[in-house]
Amino acid sequence: MDDWITCQEGHKHFGRYNAAGVLIYQRNLQTGDIEVLLGQRAQGTDLPGTWSTIGGALDKDEEPEDGAFRELLEETGLERTHFGITAWTTADHGNWLYFTFCVEHKGDLDLTKIKLDTNEITALGWFSRQALDDPKLPLHPGFKDNMHELKFLLPPNINPTTLEFSEW
Ligand SMILES: [Zn+2]
């Protein structure tokens with residue numbers, strides 16, 4: 001049974017047994033930039049309207065990786081076999097953890113074919129680092145806190161003209 005928990009940093013989180021999500025990324029072949037796929041959270045979730053990784057509460061004794069991909073399947077219909085994990089990180093809130101898995105889709109990902117569970121996510125979108133830096137974009141605060149670490153886990157951007165790497 002899922003439940004709300006107050007973590008040691010004072011947030012209310014859904015999921016007594018921690019939570020996990022996937023950060024799907026791709027390289028935009030026109031710009032050379034890495035972009036991440038975020039979901040906009042539906043009414044009834046914590047912080048509706050904000051953008052975050054796709055994920056949710058873990059079941060008791062569920063491995064974080066299994067839970068993250070279970071949530072992805074439930075919310076988008078996307079299957080685990082199409083993804084490879086390239087990095088992961090844990091946000092530690094004392095008595096509550098959030099596991100983020102950076103995953104790359106094998107081949108093109110057609111968002112128009114995805115049927116969202118709109119009780120959880122109302123929209124999906126690709127965001128470059130520049131787009132994420134826009135202060136007007138309502139990012140989920142937990143995801144925002146994680147960003148400084150996540151950017152080191154994702155591949156660098158590539159300038160398509162000079163082929164030089166730049167920070168993500
Ligand atoms: Zn917390």
# chains A, B, ... in the order shown; residues from 1 in each chain; ligands from 1
call {"tool": "closest_atom_pairs", "arguments": {"of": "chain A", "to": "ligand 1", "cutoff": "6 Å", "atoms": "only C-alpha atoms and all ligand atoms", "output": "CSV"}}
result
residue,atom,partner,partner_atom_place_in_ligand_line,distance
A:Cys7,CA,ligand 1,1 (Zn),4.7
A:Glu9,CA,ligand 1,1 (Zn),5.1
A:His11,CA,ligand 1,1 (Zn),4.4
A:His93,CA,ligand 1,1 (Zn),4.9
call {"tool": "write_last_selection", "arguments": {"atoms": "N, CA and C atoms", "output": "PDB file, in the first residue's frame"}}
result
ATOM      1  N   CYS A   7       9.737  13.457   4.945  1.00  0.00           N
ATOM      2  CA  CYS A   7      11.157  13.119   5.014  1.00  0.00           C
ATOM      3  C   CYS A   7      11.857  14.021   6.019  1.00  0.00           C
ATOM      4  N   GLU A   9      13.958  16.174   5.498  1.00  0.00           N
ATOM      5  CA  GLU A   9      14.130  17.546   5.005  1.00  0.00           C
ATOM      6  C   GLU A   9      12.808  18.305   4.987  1.00  0.00           C
ATOM      7  N   HIS A  11       9.885  17.548   3.430  1.00  0.00           N
ATOM      8  CA  HIS A  11       8.948  17.449   2.300  1.00  0.00           C
ATOM      9  C   HIS A  11       7.939  16.336   2.583  1.00  0.00           C
ATOM     10  N   HIS A  93      17.222  11.903   1.315  1.00  0.00           N
ATOM     11  CA  HIS A  93      16.507  12.808   2.211  1.00  0.00           C
ATOM     12  C   HIS A  93      16.409  12.196   3.609  1.00  0.00           C
TER      13      HIS A  93
END
call {"tool": "residues_around", "arguments": {"residues": "range 154-168 of chain A", "least_positions_apart": "2", "cutoff": "7 Å", "atoms": "only C-alpha atoms", "output": "VMD selection string"}}
result
chain A and resid 31 to 34 129 150 to 152
call {"tool": "write_last_selection", "arguments": {"atoms": "C-alpha atoms", "output": "short mmCIF file (atom, residue, chain, number, x, y, z; two decimals), in the first residue's frame"}}
result
data_model
loop_
_atom_site.label_atom_id
_atom_site.label_comp_id
_atom_site.auth_asym_id
_atom_site.auth_seq_id
_atom_site.Cartn_x
_atom_site.Cartn_y
_atom_site.Cartn_z
CA THR A 31 21.75 21.09 -32.41
CA GLY A 32 24.07 18.43 -30.96
CA ASP A 33 22.50 19.07 -27.57
CA ILE A 34 21.50 16.42 -25.09
CA ARG A 129 19.88 22.26 -20.75
CA LEU A 150 22.55 14.82 -13.12
CA LYS A 151 24.27 17.13 -15.54
CA PHE A 152 27.59 15.41 -14.81
#
call {"tool": "closest_residue", "arguments": {"among": "A:Val22, A:Leu58, A:Phe99, A:Glu71", "to": "Gly84 in chain A", "atoms": "only C-alpha atoms"}}
result
A:Val22
call {"tool": "closest_residue", "arguments": {"among": "A:Gly39, A:Gly49, A:Gly21, A:Gly94", "to": "Glu65 in chain A", "atoms": "only C-alpha atoms"}}
result
A:Gly21
call {"tool": "residues_around", "arguments": {"residues": "Leu132 in chain A", "least_positions_apart": "6", "cutoff": "10 Å", "atoms": "only C-alpha atoms", "output": "mmCIF file with C-alpha atoms, in the first residue's frame"}}
result
data_model
loop_
_atom_site.group_PDB
_atom_site.id
_atom_site.type_symbol
_atom_site.label_atom_id
_atom_site.label_comp_id
_atom_site.auth_asym_id
_atom_site.auth_seq_id
_atom_site.Cartn_x
_atom_site.Cartn_y
_atom_site.Cartn_z
ATOM 1 C CA GLU A 35 17.791 16.675 -24.265
ATOM 2 C CA VAL A 36 15.919 15.010 -21.417
ATOM 3 C CA TRP A 51 7.842 18.832 -14.819
ATOM 4 C CA TRP A 126 12.086 17.178 -24.500
ATOM 5 C CA PRO A 138 7.952 25.017 -13.410
ATOM 6 C CA LEU A 139 10.348 22.192 -12.590
ATOM 7 C CA LYS A 144 15.672 20.765 -9.782
ATOM 8 C CA MET A 147 20.008 18.701 -11.655
#
call {"tool": "closest_residue", "arguments": {"among": "A:Pro135, A:Pro141, A:Gly67, A:Gly125", "to": "Tyr17 in chain A", "atoms": "only C-alpha atoms"}}
result
A:Gly67
call {"tool": "closest_residue", "arguments": {"among": "A:Leu78, A:Leu73, A:Ala19, A:Ala68", "to": "Cys102 in chain A", "atoms": "only C-alpha atoms"}}
result
A:Ala68
call {"tool": "select_by_dssp", "arguments": {"residues": "range 61-128 of chain A", "states": "helix (DSSP H, G or I)", "output": "ChimeraX atom specification"}}
result
/A:64-76,80-82,111-113
call {"tool": "select_by_dssp", "arguments": {"residues": "chain A", "states": "strand (DSSP E)", "output": "VMD selection string"}}
result
chain A and resid 4 to 6 12 to 14 19 to 27 34 to 41 51 to 52 54 to 57 83 to 92 97 to 105 121 to 128 157 to 158 165 to 166
call {"tool": "residues_around", "arguments": {"residues": "Gly107 in chain A", "least_positions_apart": "6", "cutoff": "12 Å", "atoms": "only C-alpha atoms", "output": "list in words"}}
result
Tyr25, Gln26, Arg27, Thr81, His82, Phe83 and Gly84 of chain A
call {"tool": "residues_around", "arguments": {"residues": "Trp96 in chain A", "least_positions_apart": "4", "cutoff": "9 Å", "atoms": "only C-alpha atoms", "output": "list in words"}}
result
Ile5, Thr6, Cys7, Gln8, His13, Gly15, Arg16, Tyr17, Asn18, Ala19, Ala91 and Asp92 of chain A
call {"tool": "closest_residue", "arguments": {"among": "A:Ile54, A:Leu38, A:Ala123, A:Leu153", "to": "Glu75 in chain A", "atoms": "only C-alpha atoms"}}
result
A:Ile54
call {"tool": "closest_residue", "arguments": {"among": "A:Asn119, A:Arg80, A:Leu29, A:Arg41", "to": "Lys106 in chain A", "atoms": "only C-alpha atoms"}}
result
A:Arg80
call {"tool": "atom_distance", "arguments": {"atom1": "CA of Lys115 in chain A", "atom2": "CA of Thr76 in chain A"}}
result
5.8 Å
call {"tool": "atom_distance", "arguments": {"atom1": "CA of Gln43 in chain A", "atom2": "CA of Gly77 in chain A"}}
result
20.0 Å
